[in-house]
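Engineer: What follows is protein_22.txt; its format and atoms are compact mmCIF, C-alpha atoms (C1' of nucleotides).
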```txt
# COMPACT_ATOMS: atom_id res chain seq x y z
CA MET E 1 -23.83 56.10 -75.19
CA LYS E 2 -20.25 55.35 -75.99
CA GLN E 3 -19.89 52.39 -78.31
CA SER E 4 -17.05 50.26 -77.08
CA SER E 5 -15.16 48.25 -79.65
CA ASP E 6 -14.83 44.55 -79.11
CA CYS E 7 -11.63 42.62 -79.35
CA SER E 8 -13.07 39.70 -81.27
CA SER E 9 -14.72 41.81 -83.93
CA LEU E 10 -11.51 43.35 -85.22
CA GLN E 11 -8.46 42.03 -86.97
CA LEU E 12 -6.21 43.00 -84.10
CA THR E 13 -4.20 41.15 -81.53
CA THR E 14 -5.54 41.60 -78.03
CA THR E 15 -2.47 43.70 -77.28
CA GLN E 16 -3.15 46.03 -80.18
CA TRP E 17 -6.79 46.25 -79.16
CA ALA E 18 -5.87 47.09 -75.54
CA LEU E 19 -3.40 49.76 -76.61
CA SER E 20 -5.79 51.47 -78.95
CA GLU E 21 -8.56 51.37 -76.35
CA ALA E 22 -6.18 52.96 -73.87
CA GLU E 23 -5.24 55.67 -76.37
CA THR E 24 -8.89 56.49 -76.91
CA VAL E 25 -9.76 56.61 -73.23
CA CYS E 26 -6.74 58.76 -72.44
CA GLN E 27 -7.66 61.27 -75.11
CA GLN E 28 -11.20 61.41 -73.79
CA ARG E 29 -9.92 62.04 -70.29
CA GLY E 30 -7.18 64.43 -71.22
CA VAL E 31 -4.42 62.36 -69.66
CA ARG E 32 -1.22 61.31 -71.36
CA LEU E 33 -0.43 57.77 -72.40
CA THR E 34 3.29 58.41 -72.57
CA GLU E 35 5.79 56.17 -74.31
CA LEU E 36 6.72 54.55 -71.01
CA ARG E 37 3.15 53.96 -69.88
CA ARG E 38 2.22 52.62 -73.27
CA ARG E 39 5.19 50.29 -73.28
CA VAL E 40 4.40 48.93 -69.82
CA LEU E 41 0.82 48.26 -70.85
CA GLU E 42 2.11 46.53 -73.98
CA ILE E 43 4.51 44.37 -71.97
CA ILE E 44 1.69 43.27 -69.69
CA TRP E 45 -0.61 42.38 -72.57
CA ASN E 46 2.10 40.66 -74.57
CA HIS E 47 2.71 38.18 -71.78
CA SER E 48 0.43 35.19 -71.46
CA SER E 49 0.34 35.37 -67.67
CA PRO E 50 0.40 38.27 -65.21
CA LEU E 51 3.76 39.86 -64.52
CA GLY E 52 5.35 41.23 -61.38
CA ALA E 53 6.73 44.76 -61.31
CA TYR E 54 10.31 43.54 -61.41
CA ALA E 55 9.69 41.26 -64.35
CA ILE E 56 8.32 44.25 -66.22
CA LEU E 57 11.41 46.19 -65.21
CA ASP E 58 13.60 43.46 -66.69
CA VAL E 59 11.81 43.77 -70.01
CA LEU E 60 12.23 47.54 -69.97
CA ARG E 61 15.94 47.13 -69.36
CA ASN E 62 16.12 44.67 -72.22
CA ASP E 63 14.63 47.44 -74.34
CA GLY E 64 17.79 49.36 -73.54
CA ARG E 65 15.87 51.80 -71.39
CA GLN E 66 17.37 52.82 -68.08
CA GLY E 67 15.09 52.30 -65.15
CA ALA E 68 14.62 51.61 -61.50
CA PRO E 69 11.62 50.28 -59.55
CA PRO E 70 9.89 53.68 -59.27
CA THR E 71 9.86 53.94 -63.04
CA VAL E 72 7.72 50.85 -63.27
CA TYR E 73 5.56 51.50 -60.24
CA ARG E 74 4.65 54.97 -61.41
CA ALA E 75 3.58 53.65 -64.77
CA LEU E 76 1.63 50.87 -63.06
CA ASP E 77 -0.06 53.37 -60.76
CA PHE E 78 -1.19 55.37 -63.75
CA LEU E 79 -2.51 52.30 -65.55
CA LEU E 80 -4.33 51.18 -62.41
CA GLU E 81 -5.88 54.60 -61.90
CA GLN E 82 -7.12 54.66 -65.44
CA GLY E 83 -8.49 51.14 -65.11
CA PHE E 84 -6.28 49.63 -67.81
CA ILE E 85 -4.81 46.95 -65.60
CA HIS E 86 -5.61 45.05 -62.43
CA ARG E 87 -3.35 44.14 -59.56
CA LEU E 88 -3.73 40.61 -58.22
CA ALA E 89 -3.04 41.01 -54.52
CA SER E 90 -2.63 37.30 -53.84
CA LEU E 91 0.34 37.08 -56.22
CA ASN E 92 1.68 40.63 -56.40
CA VAL E 93 1.30 40.69 -60.16
CA PHE E 94 -0.43 42.83 -62.76
CA THR E 95 -2.72 41.81 -65.57
CA GLY E 96 -4.48 43.62 -68.37
CA CYS E 97 -8.10 44.64 -67.86
CA ARG E 98 -10.69 43.37 -70.33
CA GLN E 99 -12.95 46.38 -69.80
CA PRO E 100 -10.38 49.17 -69.94
CA GLY E 101 -11.35 52.38 -68.29
CA ALA E 102 -14.29 50.93 -66.42
CA HIS E 103 -12.75 51.40 -62.96
CA HIS E 104 -14.19 48.14 -61.75
CA SER E 105 -12.62 45.79 -59.24
CA GLY E 106 -12.91 42.53 -61.11
CA GLN E 107 -12.94 38.88 -60.14
CA PHE E 108 -10.30 36.40 -61.19
CA LEU E 109 -9.65 32.71 -61.66
CA ILE E 110 -5.90 32.23 -61.35
CA CYS E 111 -4.20 28.98 -62.31
CA ARG E 112 -1.42 28.32 -59.87
CA ASP E 113 0.46 26.18 -62.39
CA CYS E 114 0.49 28.17 -65.62
CA GLY E 115 -0.41 31.50 -64.05
CA GLN E 116 -3.10 32.23 -66.60
CA VAL E 117 -5.93 34.43 -65.48
CA ASP E 118 -9.59 34.47 -66.35
CA GLU E 119 -11.39 37.69 -65.54
CA LEU E 120 -15.01 37.34 -64.42
CA SER E 121 -17.76 39.89 -63.98
CA ASN E 122 -20.17 37.97 -61.82
CA LEU E 123 -22.94 40.26 -60.70
CA THR E 124 -24.21 37.80 -58.10
CA VAL E 125 -20.88 37.87 -56.30
CA ASP E 126 -20.70 41.63 -56.50
CA ALA E 127 -24.28 42.10 -55.30
CA ALA E 128 -23.95 39.61 -52.46
CA LEU E 129 -20.84 41.32 -51.18
CA ARG E 130 -22.45 44.74 -51.42
CA ALA E 131 -25.50 43.45 -49.56
CA GLU E 132 -23.32 42.05 -46.78
CA ALA E 133 -21.48 45.34 -46.58
CA MET E 134 -24.66 47.38 -46.49
CA ALA E 135 -26.11 45.19 -43.77
CA ARG E 136 -23.10 46.10 -41.67
CA ASP E 137 -23.07 49.81 -42.52
CA PHE E 138 -19.85 49.27 -44.35
CA GLU E 139 -18.97 51.56 -47.26
CA VAL E 140 -17.27 49.60 -50.03
CA SER E 141 -14.39 51.13 -51.92
CA ALA E 142 -12.80 48.10 -53.56
CA GLN E 143 -13.31 44.36 -53.93
CA THR E 144 -10.53 41.81 -54.14
CA VAL E 145 -11.93 38.54 -55.46
CA GLU E 146 -9.30 36.03 -56.52
CA VAL E 147 -9.91 32.31 -56.90
CA LEU E 148 -6.75 30.25 -56.93
CA GLY E 149 -6.75 26.79 -58.46
CA ARG E 150 -5.89 24.84 -61.57
CA CYS E 151 -7.13 25.19 -65.09
CA LEU E 152 -8.19 22.21 -67.20
CA MET E 153 -5.03 22.19 -69.29
CA CYS E 154 -2.74 22.06 -66.30
CA ARG E 155 -4.83 19.33 -64.66
CA ASN E 156 -4.53 17.24 -67.80
CA GLU E 157 -0.80 17.89 -67.93
CA ALA E 158 -0.44 16.80 -64.34
CA SER E 159 -2.42 13.59 -64.68
CA HIS E 160 -0.58 12.78 -67.91
CA HIS E 161 2.81 13.08 -66.25
CA ALA E 162 1.56 10.98 -63.38
CA ASN E 163 1.16 7.93 -65.66
CA MET N 1 -21.40 15.36 -34.89
CA LYS N 2 -18.82 17.35 -33.07
CA GLN N 3 -20.28 20.04 -30.89
CA SER N 4 -18.23 23.18 -31.33
CA SER N 5 -18.15 25.60 -28.45
CA ASP N 6 -19.27 29.13 -29.08
CA CYS N 7 -17.41 32.21 -28.01
CA SER N 8 -20.43 34.12 -26.78
CA SER N 9 -21.77 31.32 -24.60
CA LEU N 10 -18.73 31.14 -22.34
CA GLN N 11 -17.19 33.44 -19.78
CA LEU N 12 -14.01 33.73 -21.81
CA THR N 13 -12.33 36.46 -23.76
CA THR N 14 -12.25 35.77 -27.47
CA THR N 15 -8.52 35.23 -27.16
CA GLN N 16 -8.96 32.60 -24.49
CA TRP N 17 -11.65 30.94 -26.54
CA ALA N 18 -9.47 30.89 -29.66
CA LEU N 19 -6.52 29.44 -27.76
CA SER N 20 -8.53 26.68 -26.17
CA GLU N 21 -10.17 25.82 -29.49
CA ALA N 22 -6.73 25.60 -31.04
CA GLU N 23 -5.52 23.34 -28.25
CA THR N 24 -8.43 21.01 -28.80
CA VAL N 25 -8.05 20.85 -32.55
CA CYS N 26 -4.32 20.24 -32.28
CA GLN N 27 -4.83 17.36 -29.88
CA GLN N 28 -7.42 15.84 -32.20
CA ARG N 29 -5.03 16.13 -35.12
CA GLY N 30 -1.94 15.03 -33.28
CA VAL N 31 -0.02 18.19 -34.04
CA ARG N 32 1.79 20.35 -31.52
CA LEU N 33 0.65 23.80 -30.46
CA THR N 34 4.05 24.77 -29.14
CA GLU N 35 4.73 27.69 -26.85
CA LEU N 36 5.81 29.84 -29.80
CA ARG N 37 2.83 28.98 -31.99
CA ARG N 38 0.46 29.48 -29.11
CA ARG N 39 2.01 32.85 -28.31
CA VAL N 40 1.78 34.05 -31.92
CA LEU N 41 -1.87 33.06 -32.05
CA GLU N 42 -2.43 34.89 -28.79
CA ILE N 43 -0.71 38.04 -30.09
CA ILE N 44 -2.92 38.02 -33.16
CA TRP N 45 -6.11 37.60 -31.16
CA ASN N 46 -5.13 40.15 -28.54
CA HIS N 47 -4.82 42.86 -31.14
CA SER N 48 -7.97 44.63 -32.30
CA SER N 49 -6.87 44.73 -35.94
CA PRO N 50 -4.85 42.34 -38.08
CA LEU N 51 -1.09 42.39 -37.64
CA GLY N 52 1.78 42.09 -40.08
CA ALA N 53 4.50 39.52 -39.53
CA TYR N 54 7.02 42.12 -38.44
CA ALA N 55 4.63 43.67 -35.95
CA ILE N 56 4.20 40.23 -34.42
CA LEU N 57 7.96 39.87 -34.36
CA ASP N 58 8.23 43.13 -32.43
CA VAL N 59 5.86 41.82 -29.78
CA LEU N 60 7.82 38.59 -29.50
CA ARG N 61 11.01 40.57 -28.99
CA ASN N 62 9.26 42.63 -26.34
CA ASP N 63 8.55 39.33 -24.62
CA GLY N 64 12.31 38.98 -24.34
CA ARG N 65 12.33 36.12 -26.81
CA GLN N 66 15.02 36.10 -29.45
CA GLY N 67 13.73 35.85 -32.96
CA ALA N 68 14.13 36.58 -36.61
CA PRO N 69 11.58 36.70 -39.44
CA PRO N 70 11.62 32.93 -40.05
CA THR N 71 10.59 32.38 -36.45
CA VAL N 72 7.37 34.26 -37.05
CA TYR N 73 6.69 33.04 -40.56
CA ARG N 74 7.04 29.41 -39.54
CA ALA N 75 4.58 29.87 -36.73
CA LEU N 76 2.23 31.71 -39.09
CA ASP N 77 2.53 28.93 -41.66
CA PHE N 78 1.54 26.39 -39.05
CA LEU N 79 -1.43 28.44 -37.89
CA LEU N 80 -2.53 28.97 -41.50
CA GLU N 81 -2.24 25.26 -42.28
CA GLN N 82 -4.34 24.37 -39.27
CA GLY N 83 -6.90 27.00 -40.19
CA PHE N 84 -6.46 29.05 -37.02
CA ILE N 85 -5.69 32.28 -38.81
CA HIS N 86 -6.25 33.91 -42.18
CA ARG N 87 -3.87 35.93 -44.28
CA LEU N 88 -5.32 39.05 -45.86
CA ALA N 89 -3.48 39.29 -49.14
CA SER N 90 -4.54 42.84 -49.88
CA LEU N 91 -2.78 44.12 -46.75
CA ASN N 92 -0.16 41.48 -45.96
CA VAL N 93 -1.56 40.95 -42.50
CA PHE N 94 -2.88 38.08 -40.43
CA THR N 95 -6.11 37.80 -38.48
CA GLY N 96 -7.66 35.18 -36.25
CA CYS N 97 -10.16 32.80 -37.77
CA ARG N 98 -13.64 32.64 -36.27
CA GLN N 99 -14.13 29.01 -37.29
CA PRO N 100 -10.80 27.56 -36.25
CA GLY N 101 -9.78 24.37 -37.91
CA ALA N 102 -12.39 24.56 -40.65
CA HIS N 103 -9.85 25.09 -43.45
CA HIS N 104 -12.12 27.53 -45.20
CA SER N 105 -11.02 30.52 -47.24
CA GLY N 106 -13.24 33.18 -45.73
CA GLN N 107 -14.52 36.52 -46.88
CA PHE N 108 -13.61 39.80 -45.25
CA LEU N 109 -14.76 43.37 -44.83
CA ILE N 110 -11.67 45.40 -44.05
CA CYS N 111 -11.86 48.99 -42.84
CA ARG N 112 -9.03 50.94 -44.39
CA ASP N 113 -9.08 53.48 -41.56
CA CYS N 114 -9.16 51.47 -38.35
CA GLY N 115 -8.06 48.19 -39.90
CA GLN N 116 -10.80 46.21 -38.22
CA VAL N 117 -11.96 43.12 -39.99
CA ASP N 118 -15.34 41.47 -40.24
CA GLU N 119 -15.28 37.85 -41.35
CA LEU N 120 -18.20 36.72 -43.50
CA SER N 121 -19.38 33.28 -44.56
CA ASN N 122 -21.60 34.15 -47.45
CA LEU N 123 -22.68 30.99 -49.20
CA THR N 124 -24.03 32.86 -52.22
CA VAL N 125 -20.61 34.31 -52.95
CA ASP N 126 -18.93 30.99 -52.44
CA ALA N 127 -21.44 29.12 -54.61
CA ALA N 128 -21.37 31.71 -57.38
CA LEU N 129 -17.59 31.58 -57.56
CA ARG N 130 -17.61 27.79 -57.58
CA ALA N 131 -20.19 27.79 -60.34
CA GLU N 132 -18.11 30.15 -62.45
CA ALA N 133 -15.08 27.98 -61.86
CA MET N 134 -16.91 24.79 -62.74
CA ALA N 135 -18.26 26.32 -65.92
CA ARG N 136 -14.66 26.91 -66.97
CA ASP N 137 -13.35 23.51 -65.86
CA PHE N 138 -11.36 25.26 -63.21
CA GLU N 139 -10.50 23.38 -60.02
CA VAL N 140 -10.71 25.71 -57.01
CA SER N 141 -8.14 25.42 -54.26
CA ALA N 142 -8.55 28.74 -52.45
CA GLN N 143 -10.67 31.87 -52.51
CA THR N 144 -9.42 35.33 -51.66
CA VAL N 145 -12.40 37.59 -51.06
CA GLU N 146 -11.55 40.90 -49.44
CA VAL N 147 -13.76 43.97 -49.48
CA LEU N 148 -11.93 47.15 -48.64
CA GLY N 149 -13.84 50.18 -47.40
CA ARG N 150 -14.85 52.07 -44.31
CA CYS N 151 -16.81 50.96 -41.30
CA LEU N 152 -19.60 53.05 -39.78
CA MET N 153 -17.52 54.25 -36.84
CA CYS N 154 -14.73 55.55 -39.04
CA ARG N 155 -17.20 57.27 -41.36
CA ASN N 156 -18.74 59.05 -38.41
CA GLU N 157 -15.32 60.02 -37.14
CA ALA N 158 -14.41 61.45 -40.51
CA SER N 159 -17.59 63.49 -40.96
CA HIS N 160 -17.29 64.75 -37.39
CA HIS N 161 -13.77 66.03 -37.93
CA ALA N 162 -14.89 67.65 -41.16
CA ASN N 163 -17.19 70.06 -39.26
C1' DT F 1 11.39 82.84 -73.51
C1' DA F 2 10.19 82.54 -68.68
C1' DA F 3 7.59 80.04 -65.50
C1' DC F 4 5.01 76.33 -64.05
C1' DA F 5 3.36 71.56 -64.10
C1' DA F 6 3.89 66.83 -65.19
C1' DT F 7 6.93 63.07 -66.05
C1' DT F 8 10.98 60.43 -65.58
C1' DG F 9 15.72 59.47 -63.55
C1' DT F 10 18.34 58.24 -59.51
C1' DT F 11 19.71 56.84 -54.93
C1' DA F 12 18.49 54.98 -50.85
C1' DT F 13 15.52 52.74 -47.80
C1' DT F 14 11.52 50.23 -45.89
C1' DC F 15 8.67 46.35 -45.69
C1' DT F 16 7.59 41.45 -46.76
C1' DA F 17 9.16 36.82 -47.25
C1' DT F 18 12.24 32.86 -47.83
C1' DA F 19 16.74 30.01 -48.45
C1' DA F 20 20.12 27.55 -46.15
C1' DC F 21 22.25 25.73 -42.51
C1' DA F 22 23.05 25.16 -37.28
C1' DT F 23 21.22 23.96 -32.93
C1' DA F 24 17.90 22.32 -29.71
C1' DA F 25 13.84 19.73 -28.17
C1' DC F 26 11.05 15.78 -28.53
C1' DA F 27 9.83 10.96 -29.49
C1' DT F 28 10.77 6.11 -30.22
C1' DG F 29 12.82 1.67 -30.14
C1' DA F 30 16.81 -1.19 -28.85
C1' DT I 1 19.31 4.93 -20.77
C1' DC I 2 21.12 6.00 -24.77
C1' DA I 3 21.36 6.13 -29.70
C1' DT I 4 18.62 7.58 -33.55
C1' DG I 5 15.47 10.04 -36.28
C1' DT I 6 12.18 13.69 -36.49
C1' DT I 7 10.31 18.02 -35.58
C1' DA I 8 10.89 22.69 -34.13
C1' DT I 9 13.56 26.74 -33.44
C1' DG I 10 17.77 29.82 -33.88
C1' DT I 11 20.65 32.39 -37.01
C1' DT I 12 22.62 34.64 -40.97
C1' DA I 13 21.97 36.13 -45.28
C1' DT I 14 19.38 37.30 -49.12
C1' DA I 15 15.48 37.76 -52.32
C1' DG I 16 11.37 40.21 -53.61
C1' DA I 17 7.94 44.13 -53.41
C1' DA I 18 7.13 48.92 -52.77
C1' DT I 19 7.99 53.72 -51.65
C1' DA I 20 10.46 58.22 -50.02
C1' DA I 21 13.02 61.98 -51.42
C1' DC I 22 15.24 64.70 -54.47
C1' DA I 23 17.28 65.79 -59.22
C1' DA I 24 16.78 66.30 -64.02
C1' DT I 25 14.00 66.48 -67.92
C1' DT I 26 10.10 67.25 -70.80
C1' DG I 27 5.75 69.48 -71.89
C1' DT I 28 2.63 73.32 -71.64
C1' DT I 29 1.14 77.90 -71.31
C1' DA I 30 1.29 82.80 -70.54
```
Please, can you express the file's structure as structure tokens?

Structural biologist:
Amino acid sequence: MKQSSDCSSLQLTTTQWALSEAETVCQQRGVRLTELRRRVLEIIWNHSSPLGAYAILDVLRNDGRQGAPPTVYRALDFLLEQGFIHRLASLNVFTGCRQPGAHHSGQFLICRDCGQVDELSNLTVDAALRAEAMARDFEVSAQTVEVLGRCLMCRNEASHHAN
Amino acid sequence: MKQSSDCSSLQLTTTQWALSEAETVCQQRGVRLTELRRRVLEIIWNHSSPLGAYAILDVLRNDGRQGAPPTVYRALDFLLEQGFIHRLASLNVFTGCRQPGAHHSGQFLICRDCGQVDELSNLTVDAALRAEAMARDFEVSAQTVEVLGRCLMCRNEASHHAN
DNA sequence: TAACAATTGTTATTCTATAACATAACATGA
DNA sequence: TCATGTTATGTTATAGAATAACAATTGTTA
């Protein structure tokens, strides 16, 4: 069994942890985490909330790198394929995956105010959806589970400003 | 308790049923199901699979009606607000709601081959997501639950062509 | 080094969605 | 009925998201 390192047990930022995990997985799989791909992954993890493709492109251009949309989308496609990031369909944004390389679909709580995302792995949800699919002879290839709402901090903010 | 009519118990097409339900709900709410809104709802229900906004626009233009994107999007916004249709975020398409007016989020099985959609109302999924949210002090405003895959018919098609 | 594959650069285009303002239809009270 | 305000639609332009197609570059391997 592969022993996966845990973010909290090391003296690393989450970004550093994510990058080194990605390096490891890529080596194991014989695929290349190029400078560009690495940088895009870093940009995503450095940001507190998920980023859109064009926001990532802006950062790349700030780096001094030349680039057009395909540059970003190709890197994103790679990172998605390898399971290093997730795409949130309801917002057209990308966020780092907490179980890199696992190729899972993921479930998300998304705050519509601050944009922060909480990634869940609720087996009940997953199992219930698979059961529904099976009952209908439906072959599942991907799940999109995104819960939009407001986090505690933003609710407190809002009620505070209301006074 | 309001007695809601059921599609299968009447000699109506599903489209006719959906339109008359919408009429009723609009009257109850004092909002207007205008010719345009009614027609957009009809277009969506008449089609076997969900439609994108621009596909709907094409149909409207075929009707001879003049129109630009905002024409369609405003009608869609109204229908979404009233709970007569759903938007499938993973495909950027719109599909008729089987419980019109209920303002629920819905759960969907979407066949990536034929595009057909099955709308679920799985309480376990809903409850599990709400529980996760509550545990994190997260206030839910909408759920996006979309399962992408292949329906039985399309799987049979595929294996048949493979021979 | 030659040849091939994988990656990135570049230009253009398609698809999705909204901003902003003009016009038309509807409702309401004087 | 007409003046007024509101709601809905028409219209033009643009923003935002994603991909097609081809060129140039880099990496790898025989």

Engineer: With 9 Å as the limit and counting all atoms listed in the file, what residues in chain N lie close to chain F? Please list them as an MDAnalysis selection string.

Structural biologist: chainID N and resid 52:54 69:70 73 92

Engineer: Would you give me, as a PyMOL selection string, the residues of chain I that come within 12 Å of chain N, using all atoms listed in the file?

Structural biologist: chain I and resi 7-13+17

Engineer: At a cut-off of 8 Å, which residues of chain E touch chain N? Count all atoms listed in the file and give the answer as a list in words.

Structural biologist: Ala89, Ser90, Leu109, Asn122, Thr124, Val125, Ala128, Leu129, Ala133, Arg136, Asp137, Phe138, Glu139, Val140, Ser141, Ala142, Gln143, Thr144, Val145, Glu146, Val147, Leu148, Gly149, Arg150, Cys151 and Leu152 of chain E

Engineer: Rounded to one decimal place, report the CA of Gly96 in chain E-CA of Leu41 in chain E distance in Å.

Structural biologist: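 Answer for the CA of Gly96 in chain E to CA of Leu41 in chain E separation: 7.5 Å.
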
Engineer: Rounded to one decimal in Å, what is the spacing between CA of Trp17 in chain E and C1' of DT26 in chain I?

Structural biologist: 28.2 Å

Engineer: Would you please work out which residue, of N:Ile44, N:Ala131, N:Val117, N:Cys26, is nearest to Phe94 in chain N when using all atoms listed in the file?

Structural biologist: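 Closest to Phe94 in chain N of all the choices is N:Ile44.
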
Engineer: Find the distance between CA of Gly64 in chain E and CA of Thr95 in chain E and write it in Å to one decimal.

Structural biologist: 23.3 Å

Engineer: Please fill the gaps in range 36-49 of chain E so it has N, CA, C and O atoms, and write that as a JSON list (two decimals), keeping the file's coordinate frame.

Structural biologist:
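Saved file rebuild-v3.json follows:
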```json
[["chain", "number", "residue", "atom", "x", "y", "z"],
["E", 36, "LEU", "N", 6.45, 55.51, -72.08],
["E", 36, "LEU", "CA", 6.72, 54.55, -71.01],
["E", 36, "LEU", "C", 5.47, 53.81, -70.58],
["E", 36, "LEU", "O", 5.43, 52.58, -70.49],
["E", 37, "ARG", "N", 4.40, 54.56, -70.33],
["E", 37, "ARG", "CA", 3.15, 53.96, -69.88],
["E", 37, "ARG", "C", 2.60, 53.00, -70.93],
["E", 37, "ARG", "O", 2.12, 51.92, -70.62],
["E", 38, "ARG", "N", 2.68, 53.44, -72.16],
["E", 38, "ARG", "CA", 2.22, 52.62, -73.27],
["E", 38, "ARG", "C", 3.01, 51.32, -73.35],
["E", 38, "ARG", "O", 2.45, 50.24, -73.53],
["E", 39, "ARG", "N", 4.31, 51.46, -73.17],
["E", 39, "ARG", "CA", 5.19, 50.29, -73.28],
["E", 39, "ARG", "C", 4.91, 49.30, -72.14],
["E", 39, "ARG", "O", 4.89, 48.09, -72.36],
["E", 40, "VAL", "N", 4.69, 49.81, -70.95],
["E", 40, "VAL", "CA", 4.40, 48.93, -69.82],
["E", 40, "VAL", "C", 3.09, 48.18, -70.06],
["E", 40, "VAL", "O", 3.00, 46.97, -69.82],
["E", 41, "LEU", "N", 2.09, 48.90, -70.55],
["E", 41, "LEU", "CA", 0.82, 48.26, -70.85],
["E", 41, "LEU", "C", 1.01, 47.18, -71.92],
["E", 41, "LEU", "O", 0.46, 46.07, -71.82],
["E", 42, "GLU", "N", 1.83, 47.48, -72.90],
["E", 42, "GLU", "CA", 2.11, 46.53, -73.98],
["E", 42, "GLU", "C", 2.80, 45.28, -73.44],
["E", 42, "GLU", "O", 2.46, 44.16, -73.79],
["E", 43, "ILE", "N", 3.78, 45.50, -72.57],
["E", 43, "ILE", "CA", 4.51, 44.37, -71.97],
["E", 43, "ILE", "C", 3.55, 43.45, -71.23],
["E", 43, "ILE", "O", 3.61, 42.23, -71.36],
["E", 44, "ILE", "N", 2.65, 44.06, -70.46],
["E", 44, "ILE", "CA", 1.69, 43.27, -69.69],
["E", 44, "ILE", "C", 0.79, 42.45, -70.61],
["E", 44, "ILE", "O", 0.57, 41.26, -70.39],
["E", 45, "TRP", "N", 0.30, 43.09, -71.67],
["E", 45, "TRP", "CA", -0.61, 42.38, -72.57],
["E", 45, "TRP", "C", 0.11, 41.35, -73.42],
["E", 45, "TRP", "O", -0.47, 40.34, -73.79],
["E", 46, "ASN", "N", 1.36, 41.60, -73.74],
["E", 46, "ASN", "CA", 2.10, 40.66, -74.57],
["E", 46, "ASN", "C", 2.36, 39.33, -73.86],
["E", 46, "ASN", "O", 2.58, 38.31, -74.50],
["E", 47, "HIS", "N", 2.38, 39.39, -72.54],
["E", 47, "HIS", "CA", 2.71, 38.18, -71.78],
["E", 47, "HIS", "C", 1.46, 37.36, -71.50],
["E", 47, "HIS", "O", 0.41, 37.91, -71.20],
["E", 48, "SER", "N", 1.60, 36.06, -71.59],
["E", 48, "SER", "CA", 0.43, 35.19, -71.46],
["E", 48, "SER", "C", -0.10, 35.14, -70.03],
["E", 48, "SER", "O", -1.27, 34.89, -69.81],
["E", 49, "SER", "N", 0.78, 35.38, -69.07],
["E", 49, "SER", "CA", 0.34, 35.37, -67.67],
["E", 49, "SER", "C", 0.74, 36.68, -67.01],
["E", 49, "SER", "O", 1.59, 37.40, -67.52]]
```
